[in-house]
>>> print(open('input.txt').read())   # compact mmCIF, C-alpha atoms
# COMPACT_ATOMS: atom_id res chain seq x y z
CA MET D 1 -9.61 -19.22 -8.40
CA GLU D 2 -7.42 -16.48 -9.89
CA ARG D 3 -4.64 -14.80 -7.97
CA GLN D 4 -1.99 -12.16 -8.53
CA ALA D 5 1.65 -13.10 -8.05
CA TYR D 6 5.10 -11.80 -8.87
CA ARG D 7 6.62 -14.48 -11.09
CA ILE D 8 10.04 -14.71 -12.74
CA ASP D 9 10.59 -16.88 -15.81
CA LYS D 10 14.30 -16.13 -16.29
CA VAL D 11 16.62 -15.42 -13.38
CA GLY D 12 19.35 -12.80 -13.57
CA SER D 13 17.55 -9.50 -13.12
CA THR D 14 14.80 -8.11 -10.91
CA SER D 15 13.38 -6.47 -14.04
CA ASN D 16 12.28 -9.98 -15.08
CA LEU D 17 10.01 -10.18 -12.04
CA LYS D 18 6.50 -9.53 -13.38
CA LEU D 19 3.11 -9.17 -11.72
CA VAL D 20 0.82 -11.74 -13.36
CA THR D 21 -2.70 -13.04 -12.95
CA GLU D 22 -2.84 -16.82 -12.81
CA SER D 23 -4.95 -19.71 -11.61
CA LEU D 24 -4.54 -21.18 -8.15
CA GLN D 25 -5.75 -24.73 -7.66
CA GLU D 26 -7.76 -25.93 -4.69
CA PRO D 27 -5.67 -26.79 -1.61
CA GLU D 28 -4.49 -30.37 -1.24
CA ALA D 29 -5.80 -32.50 1.63
CA ASN D 30 -3.00 -31.36 3.97
CA GLU D 31 -2.99 -27.73 2.86
CA VAL D 32 -4.77 -24.50 3.66
CA GLN D 33 -5.46 -21.67 1.26
CA VAL D 34 -4.40 -18.29 2.60
CA GLU D 35 -5.46 -14.83 1.53
CA VAL D 36 -2.10 -13.13 1.99
CA HIS D 37 -2.16 -9.74 3.70
CA ALA D 38 1.59 -9.10 4.10
CA ILE D 39 4.89 -10.42 2.71
CA GLY D 40 8.33 -10.19 4.32
CA LEU D 41 11.39 -9.56 2.14
CA ASN D 42 14.63 -11.49 2.66
CA PHE D 43 18.07 -11.59 1.02
CA ALA D 44 17.34 -15.11 -0.18
CA ASP D 45 14.58 -13.65 -2.36
CA ILE D 46 17.03 -11.33 -4.11
CA PHE D 47 19.74 -13.97 -4.52
CA ALA D 48 17.13 -16.32 -6.01
CA VAL D 49 15.92 -13.71 -8.50
CA HIS D 50 19.52 -13.00 -9.48
CA GLY D 51 20.22 -16.72 -9.93
CA LEU D 52 22.81 -16.80 -7.12
CA TYR D 53 21.01 -19.08 -4.67
CA SER D 54 21.55 -22.83 -4.93
CA ALA D 55 18.06 -23.60 -3.61
CA THR D 56 16.37 -21.57 -6.36
CA PRO D 57 13.63 -23.56 -8.14
CA LYS D 58 14.27 -24.52 -11.73
CA GLY D 59 12.27 -22.69 -14.39
CA SER D 60 9.48 -20.22 -13.64
CA PHE D 61 8.81 -19.53 -9.96
CA VAL D 62 7.34 -17.07 -7.47
CA PRO D 63 9.89 -15.78 -4.90
CA GLY D 64 9.12 -15.15 -1.25
CA LEU D 65 9.76 -17.10 1.97
CA GLU D 66 7.33 -15.65 4.53
CA PHE D 67 3.86 -14.20 4.74
CA SER D 68 0.86 -13.57 6.93
CA GLY D 69 -2.84 -13.59 6.17
CA ILE D 70 -6.18 -15.23 6.78
CA ILE D 71 -7.21 -18.78 5.91
CA THR D 72 -10.00 -18.98 3.34
CA LYS D 73 -10.12 -22.75 2.71
CA VAL D 74 -8.79 -25.90 4.38
CA GLY D 75 -7.99 -29.33 2.96
CA GLU D 76 -9.98 -32.34 4.11
CA GLU D 77 -7.20 -33.63 6.37
CA VAL D 78 -6.59 -30.30 8.13
CA THR D 79 -7.91 -30.28 11.70
CA LYS D 80 -5.85 -27.60 13.48
CA TYR D 81 -7.13 -24.65 11.44
CA LYS D 82 -10.36 -23.36 9.95
CA ALA D 83 -11.42 -20.67 7.52
CA GLY D 84 -11.11 -17.26 9.14
CA ASP D 85 -8.01 -18.05 11.22
CA ARG D 86 -5.24 -15.44 11.14
CA VAL D 87 -1.84 -17.06 10.51
CA MET D 88 1.77 -16.41 9.65
CA GLY D 89 3.90 -18.87 7.76
CA VAL D 90 7.03 -19.80 5.85
CA THR D 91 7.16 -21.24 2.38
CA ARG D 92 9.92 -22.62 0.19
CA PHE D 93 9.37 -19.80 -2.29
CA GLY D 94 5.90 -18.75 -3.49
CA GLY D 95 5.28 -15.94 -0.99
CA TYR D 96 5.05 -13.02 -3.44
CA ALA D 97 1.33 -13.56 -4.07
CA ASN D 98 -2.03 -12.41 -2.75
CA HIS D 99 -3.23 -16.01 -2.32
CA LEU D 100 -1.31 -19.25 -1.83
CA ASN D 101 -1.70 -22.86 -0.75
CA ILE D 102 0.55 -24.08 2.05
CA ASP D 103 1.08 -27.27 4.05
CA ASP D 104 -0.57 -26.64 7.42
CA ARG D 105 2.66 -27.68 9.18
CA HIS D 106 4.32 -24.49 7.92
CA ILE D 107 1.93 -21.99 9.48
CA VAL D 108 1.34 -20.84 13.06
CA PRO D 109 -1.45 -18.72 14.56
CA LEU D 110 -1.05 -14.95 14.40
CA GLY D 111 -1.86 -13.30 17.73
CA ASP D 112 -4.84 -10.97 17.88
CA ASP D 113 -2.61 -8.14 19.09
CA TRP D 114 -0.18 -8.56 16.15
CA SER D 115 -0.63 -6.79 12.83
CA TYR D 116 -0.28 -8.70 9.57
CA GLU D 117 2.87 -6.67 8.86
CA GLU D 118 4.39 -7.85 12.14
CA GLY D 119 3.39 -11.42 11.34
CA ALA D 120 5.25 -11.24 8.03
CA ALA D 121 8.35 -9.95 9.83
CA TYR D 122 8.82 -12.55 12.54
CA LEU D 123 9.33 -16.17 11.50
CA VAL D 124 12.31 -16.09 9.14
CA GLN D 125 14.34 -13.54 11.07
CA GLY D 126 13.39 -14.97 14.47
CA MET D 127 14.19 -18.59 13.61
CA THR D 128 17.39 -17.59 11.80
CA ALA D 129 18.64 -15.65 14.81
CA TYR D 130 17.64 -18.31 17.33
CA TYR D 131 19.07 -21.26 15.41
CA ALA D 132 22.32 -19.38 14.79
CA LEU D 133 22.79 -18.25 18.38
CA VAL D 134 21.39 -21.10 20.45
CA SER D 135 21.29 -24.27 18.36
CA LEU D 136 24.60 -23.77 16.53
CA GLY D 137 26.32 -21.02 18.47
CA GLY D 138 25.91 -22.58 21.89
CA LEU D 139 25.00 -19.22 23.42
CA GLN D 140 25.72 -19.15 27.14
CA LYS D 141 25.03 -16.69 29.91
CA ASN D 142 27.34 -13.63 29.84
CA HIS D 143 28.86 -14.48 26.46
CA THR D 144 30.17 -11.67 24.27
CA VAL D 145 28.37 -11.73 20.93
CA LEU D 146 29.17 -9.83 17.72
CA ILE D 147 26.05 -9.28 15.61
CA HIS D 148 26.49 -7.94 12.09
CA SER D 149 23.71 -5.97 10.37
CA GLY D 150 22.46 -5.09 13.82
CA ALA D 151 19.78 -2.71 12.54
CA GLY D 152 18.25 -5.35 10.26
CA GLY D 153 15.52 -7.82 11.07
CA VAL D 154 17.79 -10.75 11.99
CA GLY D 155 20.25 -8.51 13.82
CA ILE D 156 17.57 -6.93 16.00
CA MET D 157 16.08 -10.28 16.92
CA ALA D 158 19.55 -11.75 17.57
CA ASN D 159 20.29 -8.96 20.03
CA ARG D 160 17.02 -9.54 21.87
CA ILE D 161 17.70 -13.26 22.13
CA ALA D 162 21.27 -12.68 23.31
CA LYS D 163 20.02 -10.24 25.96
CA CYS D 164 17.80 -13.01 27.36
CA TYR D 165 21.13 -14.73 28.16
CA ASP D 166 22.63 -11.57 29.68
CA ALA D 167 25.12 -11.43 26.83
CA TYR D 168 27.30 -8.44 26.04
CA THR D 169 26.31 -7.58 22.47
CA ILE D 170 28.23 -5.61 19.85
CA GLY D 171 26.22 -4.56 16.81
CA THR D 172 27.60 -3.43 13.48
CA ILE D 173 25.97 -1.24 10.85
CA GLY D 174 26.92 0.01 7.41
CA ASN D 175 26.26 3.70 8.02
CA SER D 176 25.73 6.14 10.89
CA LYS D 177 22.06 6.77 10.02
CA LYS D 178 21.21 3.39 11.59
CA MET D 179 22.90 4.13 14.91
CA SER D 180 19.61 5.11 16.57
CA VAL D 181 18.30 1.56 16.03
CA LEU D 182 21.29 0.05 17.85
CA GLU D 183 20.76 2.50 20.70
CA THR D 184 17.03 1.80 20.93
CA GLU D 185 17.61 -1.97 20.89
CA GLY D 186 20.16 -1.76 23.68
CA PHE D 187 23.35 -3.02 22.04
CA ASP D 188 26.27 -2.63 24.44
CA GLY D 189 28.82 -1.90 21.74
CA LYS D 190 28.27 -0.26 18.36
CA ILE D 191 30.50 -0.23 15.28
CA ILE D 192 30.11 1.42 11.90
CA ARG D 193 31.88 -1.02 9.58
CA SER D 194 34.92 0.43 7.80
CA LYS D 195 38.42 -0.56 6.65
CA GLN D 196 39.56 -0.32 10.27
CA PHE D 197 36.89 -2.72 11.48
CA GLY D 198 39.37 -5.07 13.17
CA ALA D 199 40.82 -2.27 15.29
CA ASP D 200 37.35 -0.94 16.12
CA LEU D 201 36.18 -4.39 17.21
CA GLU D 202 39.25 -4.91 19.40
CA LYS D 203 38.55 -1.55 21.05
CA GLN D 204 34.92 -2.48 21.69
CA LEU D 205 35.93 -5.83 23.18
CA ASP D 206 38.19 -4.03 25.66
CA GLY D 207 39.75 -7.27 26.84
CA ARG D 208 36.60 -9.40 26.71
CA ASP D 209 36.63 -12.80 25.03
CA LEU D 210 34.69 -12.79 21.75
CA ASN D 211 32.62 -15.96 22.12
CA LEU D 212 30.16 -15.84 19.23
CA ILE D 213 29.69 -14.06 15.90
CA VAL D 214 26.53 -13.91 13.80
CA GLU D 215 28.22 -13.31 10.44
CA THR D 216 26.25 -11.79 7.55
CA ILE D 217 28.85 -9.77 5.60
CA GLY D 218 31.83 -11.81 4.37
CA GLY D 219 35.16 -10.62 2.97
CA GLU D 220 37.52 -8.64 5.18
CA ILE D 221 34.85 -8.22 7.86
CA PHE D 222 34.59 -12.01 8.11
CA LYS D 223 38.37 -12.32 8.40
CA ALA D 224 38.72 -9.61 11.06
CA GLY D 225 36.00 -11.15 13.22
CA TYR D 226 37.41 -14.66 12.91
CA ASN D 227 40.89 -13.47 13.89
CA LEU D 228 39.55 -12.06 17.17
CA LEU D 229 37.47 -15.08 18.19
CA ALA D 230 38.44 -16.43 21.58
CA PRO D 231 39.42 -20.10 22.04
CA GLN D 232 36.26 -22.19 21.68
CA GLY D 233 34.66 -19.22 19.92
CA ARG D 234 32.07 -19.89 17.24
CA MET D 235 31.20 -18.00 14.07
CA VAL D 236 27.82 -18.82 12.51
CA VAL D 237 27.46 -17.61 8.92
CA VAL D 238 23.85 -16.88 7.94
CA GLY D 239 24.44 -14.57 4.98
CA ALA D 240 27.00 -12.86 2.76
CA SER D 241 25.77 -9.39 1.91
CA GLN D 242 29.05 -8.60 0.13
CA PHE D 243 27.61 -10.60 -2.77
CA ALA D 244 24.40 -8.56 -2.86
CA SER D 245 24.02 -6.15 -5.79
CA PRO D 246 22.24 -2.80 -5.47
CA GLY D 247 21.16 -2.74 -9.13
CA SER D 248 18.58 -4.77 -11.01
CA ARG D 249 21.18 -7.33 -12.11
CA PRO D 250 24.46 -8.55 -10.56
CA ASN D 251 27.86 -7.33 -11.70
CA PHE D 252 29.19 -10.81 -12.39
CA ILE D 253 32.81 -9.71 -12.92
CA LYS D 254 32.83 -8.00 -9.53
CA LEU D 255 31.10 -10.97 -7.93
CA LEU D 256 33.63 -13.37 -9.43
CA TRP D 257 36.49 -11.31 -8.02
CA LYS D 258 34.88 -11.29 -4.56
CA PHE D 259 34.30 -15.03 -4.80
CA LEU D 260 37.89 -15.79 -5.79
CA THR D 261 39.35 -13.52 -3.10
CA ARG D 262 37.00 -14.56 -0.30
CA PRO D 263 38.67 -15.59 2.97
CA LYS D 264 39.76 -19.23 3.25
CA ILE D 265 39.86 -21.08 6.57
CA ASP D 266 42.42 -23.85 7.07
CA PRO D 267 40.88 -26.73 9.11
CA GLN D 268 44.26 -27.49 10.68
CA GLN D 269 44.52 -23.88 11.80
CA MET D 270 41.00 -24.09 13.27
CA ILE D 271 42.15 -27.03 15.39
CA GLN D 272 45.25 -25.19 16.58
CA GLU D 273 43.29 -22.02 17.41
CA ASN D 274 40.30 -23.88 18.82
CA ARG D 275 37.72 -21.95 16.78
CA SER D 276 34.67 -23.02 14.81
CA VAL D 277 32.91 -21.74 11.68
CA MET D 278 29.41 -22.98 10.87
CA GLY D 279 26.83 -22.02 8.31
CA PHE D 280 23.19 -22.68 7.51
CA ASN D 281 20.20 -21.32 5.65
CA LEU D 282 16.56 -21.47 6.66
CA ILE D 283 15.55 -23.44 3.56
CA TRP D 284 17.08 -26.51 5.27
CA LEU D 285 14.73 -26.03 8.23
CA TYR D 286 11.69 -26.02 5.94
CA GLU D 287 11.86 -29.81 5.67
CA LYS D 288 12.61 -30.23 9.39
CA VAL D 289 9.18 -29.46 10.80
CA ASP D 290 9.92 -30.95 14.22
CA VAL D 291 13.01 -28.75 14.56
CA MET D 292 11.01 -25.69 13.53
CA ASP D 293 8.35 -26.50 16.10
CA ASP D 294 10.96 -26.84 18.84
CA ILE D 295 12.56 -23.51 17.90
CA LEU D 296 9.23 -21.69 17.94
CA LYS D 297 8.30 -23.19 21.31
CA GLU D 298 11.63 -22.16 22.80
CA MET D 299 11.35 -18.68 21.30
CA SER D 300 7.87 -18.28 22.78
CA GLU D 301 9.37 -18.77 26.24
CA LEU D 302 11.60 -15.72 25.77
CA ASP D 303 10.44 -12.13 26.07
CA LEU D 304 11.35 -11.06 22.54
CA GLY D 305 8.54 -8.61 21.83
CA LYS D 306 7.15 -7.80 18.41
CA PRO D 307 9.49 -7.57 15.42
CA MET D 308 10.50 -4.15 14.16
CA VAL D 309 8.77 -3.34 10.87
CA GLY D 310 10.87 -0.64 9.27
CA GLN D 311 9.22 0.08 5.93
CA VAL D 312 5.89 -0.98 4.40
CA PHE D 313 5.05 -0.92 0.69
CA GLU D 314 1.89 -1.64 -1.29
CA PHE D 315 1.69 -4.82 -3.38
CA GLU D 316 2.04 -2.81 -6.59
CA GLU D 317 5.25 -1.29 -5.18
CA MET D 318 7.14 -4.59 -4.94
CA HIS D 319 9.98 -3.36 -7.14
CA GLN D 320 10.40 -0.20 -5.04
CA ALA D 321 10.48 -2.36 -1.91
CA ILE D 322 13.15 -4.62 -3.40
CA LYS D 323 15.19 -1.61 -4.50
CA LEU D 324 15.20 -0.17 -0.98
CA PHE D 325 16.03 -3.57 0.50
CA GLN D 326 18.97 -3.98 -1.89
CA SER D 327 20.29 -0.50 -1.12
CA GLY D 328 21.26 -1.38 2.44
CA LYS D 329 19.43 1.71 3.69
CA SER D 330 16.50 -0.11 5.29
CA THR D 331 16.15 -0.81 9.00
CA GLY D 332 14.14 -3.57 10.64
CA LYS D 333 11.99 -5.57 8.25
CA VAL D 334 10.84 -4.47 4.81
CA VAL D 335 7.26 -5.63 4.32
CA VAL D 336 4.90 -5.55 1.34
CA LYS D 337 1.19 -5.56 2.10
CA THR D 338 -1.37 -6.94 -0.31
CA LYS D 339 -4.49 -5.71 1.51
CA VAL D 340 -5.40 -2.19 2.65
>>> encode(input="input.txt", output="structure tokens")
Amino acid sequence: MERQAYRIDKVGSTSNLKLVTESLQEPEANEVQVEVHAIGLNFADIFAVHGLYSATPKGSFVPGLEFSGIITKVGEEVTKYKAGDRVMGVTRFGGYANHLNIDDRHIVPLGDDWSYEEGAAYLVQGMTAYYALVSLGGLQKNHTVLIHSGAGGVGIMANRIAKCYDAYTIGTIGNSKKMSVLETEGFDGKIIRSKQFGADLEKQLDGRDLNLIVETIGGEIFKAGYNLLAPQGRMVVVGASQFASPGSRPNFIKLLWKFLTRPKIDPQQMIQENRSVMGFNLIWLYEKVDVMDDILKEMSELDLGKPMVGQVFEFEEMHQAIKLFQSGKSTGKVVVKTKV
């Protein structure tokens, strides 16, 4: 069959991302074919298009890590699903398309009371937040947790998960226009990031131990948070938005300067101060299906609610969606729908 997909042949600029019509083969024995209804945008997509992501496929590829839709065909070995099932899933790139083939281990049913847009906004941000907080961060009852990008998809879900542990949560945002999201989501402390971030964070802590940080920014914000971690505190790095570029292509000179001046952590100092820094990206989990299954089961036992879908674009508006996402002005999840 023929499908439409956003494909990039040469990384380095979002302007190289083109909508093409191409053939899609029949699903393999262990795959299902999905008519995609909605696509979730993630920073990994942008870094891949700009050529800044180590997991980026070589040569021509279709970006996109998560989607939702309806199954149209199943491979001969697939027994859990059938044509007509509504699903949401994760893919190691390939999501920016109106049809795709996917291993049936990488999809889960989409609830009847969930929209396709909500389905495309849940898996990546939910699993990222849960793995960072619980699996790596060792989240415990009544911990104090600093959550950067609190008005974004991962930040919102991280706050909800932390609240299930009765944690005291401090959310940070890049501008005051996002403050209403932090208030609606019930963050205990709220900070607009600035050059005085360290002082603002210390004020918000008000004598509390800072036990856990979900770090997504980098640079001086990273350093200020690390310096205030309590003994046995953990920082889990899941992103570095300081390296994101608002334009169609990165400013490589500026990026090089940020890279060379990024904070360095001395392992001996970590021992002396009894602090930990960890990092991961969800691409690693893609090959760990058992781990993904465990995370989803544990998440289902929490009362997390539906994800917040902030902005929805049409399939033909992919570049406008990416531009908004890059700007840092979006809240919740930015979703592109392929079906009316």
>>> closest_residue(input="input.txt", among="D:Gly51, D:Pro27, D:Gly111, D:Gly219", to="D:Ser13", atoms="all atoms listed in the file")
D:Gly51
>>> closest_residue(input="input.txt", among="D:Lys223, D:Arg7, D:Lys333, D:Lys73", to="D:Val124", atoms="all atoms listed in the file")
D:Lys333
>>> closest_residue(input="input.txt", among="D:Thr172, D:Asn30, D:Thr56, D:Ser194", to="D:His106", atoms="all atoms listed in the file")
D:Asn30
>>> closest_residue(input="input.txt", among="D:Val214, D:Val32, D:Ile71, D:Ile8", to="D:Ala48", atoms="all atoms listed in the file")
D:Ile8
>>> atom_distance(input="input.txt", atom1="atom CA of D:Leu228", atom2="atom CA of D:Ile213")
10.1 Å
>>> atom_distance(input="input.txt", atom1="atom CA of D:Ile271", atom2="atom CA of D:Ala224")
18.3 Å
>>> atom_distance(input="input.txt", atom1="atom CA of D:Ile156", atom2="atom CA of D:Val181")
8.5 Å
>>> residues_around(input="input.txt", residues="D:Gln196", least_positions_apart="3", cutoff="12 Å", atoms="all atoms listed in the file", output="list of chain:residue names")
D:Ile191, D:Ile192, D:Arg193, D:Ala199, D:Asp200, D:Leu201, D:Glu202, D:Lys203, D:Glu220, D:Ile221, D:Ala224, D:Gly225
>>> write_last_selection(input="input.txt", atoms="C-alpha atoms", output="CSV table (one decimal), keeping the file's coordinate frame")
chain,number,residue,atom,x,y,z
D,191,ILE,CA,30.5,-0.2,15.3
D,192,ILE,CA,30.1,1.4,11.9
D,193,ARG,CA,31.9,-1.0,9.6
D,199,ALA,CA,40.8,-2.3,15.3
D,200,ASP,CA,37.4,-0.9,16.1
D,201,LEU,CA,36.2,-4.4,17.2
D,202,GLU,CA,39.2,-4.9,19.4
D,203,LYS,CA,38.6,-1.6,21.0
D,220,GLU,CA,37.5,-8.6,5.2
D,221,ILE,CA,34.8,-8.2,7.9
D,224,ALA,CA,38.7,-9.6,11.1
D,225,GLY,CA,36.0,-11.2,13.2
>>> build_atoms(input="input.txt", residues="stretch 288-307 of chain D", atoms="N, CA, C and O atoms", output="mmCIF file, in the coordinates of the input")
data_model
loop_
_atom_site.group_PDB
_atom_site.id
_atom_site.type_symbol
_atom_site.label_atom_id
_atom_site.label_comp_id
_atom_site.auth_asym_id
_atom_site.auth_seq_id
_atom_site.Cartn_x
_atom_site.Cartn_y
_atom_site.Cartn_z
ATOM 1 N N LYS D 288 12.424 -29.716 8.034
ATOM 2 C CA LYS D 288 12.610 -30.230 9.390
ATOM 3 C C LYS D 288 11.538 -29.635 10.300
ATOM 4 O O LYS D 288 11.820 -28.804 11.162
ATOM 5 N N VAL D 289 10.302 -30.067 10.107
ATOM 6 C CA VAL D 289 9.180 -29.460 10.800
ATOM 7 C C VAL D 289 9.295 -29.604 12.312
ATOM 8 O O VAL D 289 8.983 -28.672 13.075
ATOM 9 N N ASP D 290 9.766 -30.746 12.776
ATOM 10 C CA ASP D 290 9.920 -30.950 14.220
ATOM 11 C C ASP D 290 10.915 -29.965 14.814
ATOM 12 O O ASP D 290 10.708 -29.447 15.922
ATOM 13 N N VAL D 291 12.001 -29.713 14.086
ATOM 14 C CA VAL D 291 13.010 -28.750 14.560
ATOM 15 C C VAL D 291 12.406 -27.355 14.598
ATOM 16 O O VAL D 291 12.605 -26.602 15.561
ATOM 17 N N MET D 292 11.659 -26.995 13.562
ATOM 18 C CA MET D 292 11.010 -25.690 13.530
ATOM 19 C C MET D 292 10.050 -25.528 14.698
ATOM 20 O O MET D 292 10.014 -24.468 15.351
ATOM 21 N N ASP D 293 9.291 -26.557 14.977
ATOM 22 C CA ASP D 293 8.350 -26.500 16.100
ATOM 23 C C ASP D 293 9.076 -26.281 17.419
ATOM 24 O O ASP D 293 8.649 -25.479 18.257
ATOM 25 N N ASP D 294 10.187 -26.988 17.608
ATOM 26 C CA ASP D 294 10.960 -26.840 18.840
ATOM 27 C C ASP D 294 11.504 -25.416 18.973
ATOM 28 O O ASP D 294 11.478 -24.827 20.068
ATOM 29 N N ILE D 295 12.015 -24.874 17.867
ATOM 30 C CA ILE D 295 12.560 -23.510 17.900
ATOM 31 C C ILE D 295 11.479 -22.506 18.278
ATOM 32 O O ILE D 295 11.685 -21.633 19.136
ATOM 33 N N LEU D 296 10.309 -22.632 17.663
ATOM 34 C CA LEU D 296 9.230 -21.690 17.940
ATOM 35 C C LEU D 296 8.750 -21.798 19.383
ATOM 36 O O LEU D 296 8.425 -20.782 20.025
ATOM 37 N N LYS D 297 8.704 -23.011 19.912
ATOM 38 C CA LYS D 297 8.300 -23.190 21.310
ATOM 39 C C LYS D 297 9.310 -22.539 22.253
ATOM 40 O O LYS D 297 8.935 -21.852 23.212
ATOM 41 N N GLU D 298 10.596 -22.748 21.963
ATOM 42 C CA GLU D 298 11.630 -22.160 22.800
ATOM 43 C C GLU D 298 11.650 -20.645 22.687
ATOM 44 O O GLU D 298 11.852 -19.942 23.686
ATOM 45 N N MET D 299 11.410 -20.125 21.487
ATOM 46 C CA MET D 299 11.350 -18.680 21.300
ATOM 47 C C MET D 299 10.180 -18.071 22.061
ATOM 48 O O MET D 299 10.282 -16.964 22.611
ATOM 49 N N SER D 300 9.060 -18.802 22.104
ATOM 50 C CA SER D 300 7.870 -18.280 22.780
ATOM 51 C C SER D 300 8.080 -18.129 24.281
ATOM 52 O O SER D 300 7.372 -17.368 24.945
ATOM 53 N N GLU D 301 9.073 -18.844 24.812
ATOM 54 C CA GLU D 301 9.370 -18.770 26.240
ATOM 55 C C GLU D 301 10.252 -17.578 26.585
ATOM 56 O O GLU D 301 10.464 -17.282 27.765
ATOM 57 N N LEU D 302 10.776 -16.904 25.567
ATOM 58 C CA LEU D 302 11.600 -15.720 25.770
ATOM 59 C C LEU D 302 10.764 -14.459 25.571
ATOM 60 O O LEU D 302 9.790 -14.462 24.824
ATOM 61 N N ASP D 303 11.155 -13.397 26.201
ATOM 62 C CA ASP D 303 10.440 -12.130 26.070
ATOM 63 C C ASP D 303 11.066 -11.318 24.942
ATOM 64 O O ASP D 303 11.853 -10.395 25.172
ATOM 65 N N LEU D 304 10.711 -11.664 23.696
ATOM 66 C CA LEU D 304 11.350 -11.060 22.540
ATOM 67 C C LEU D 304 10.593 -9.855 21.985
ATOM 68 O O LEU D 304 11.152 -9.048 21.243
ATOM 69 N N GLY D 305 9.326 -9.722 22.333
ATOM 70 C CA GLY D 305 8.540 -8.610 21.830
ATOM 71 C C GLY D 305 8.195 -8.775 20.355
ATOM 72 O O GLY D 305 8.521 -9.775 19.712
ATOM 73 N N LYS D 306 7.535 -7.769 19.819
ATOM 74 C CA LYS D 306 7.150 -7.800 18.410
ATOM 75 C C LYS D 306 8.335 -7.412 17.532
ATOM 76 O O LYS D 306 9.195 -6.623 17.949
ATOM 77 N N PRO D 307 8.393 -7.938 16.321
ATOM 78 C CA PRO D 307 9.490 -7.570 15.420
ATOM 79 C C PRO D 307 9.371 -6.109 15.006
ATOM 80 O O PRO D 307 8.279 -5.519 15.020
#
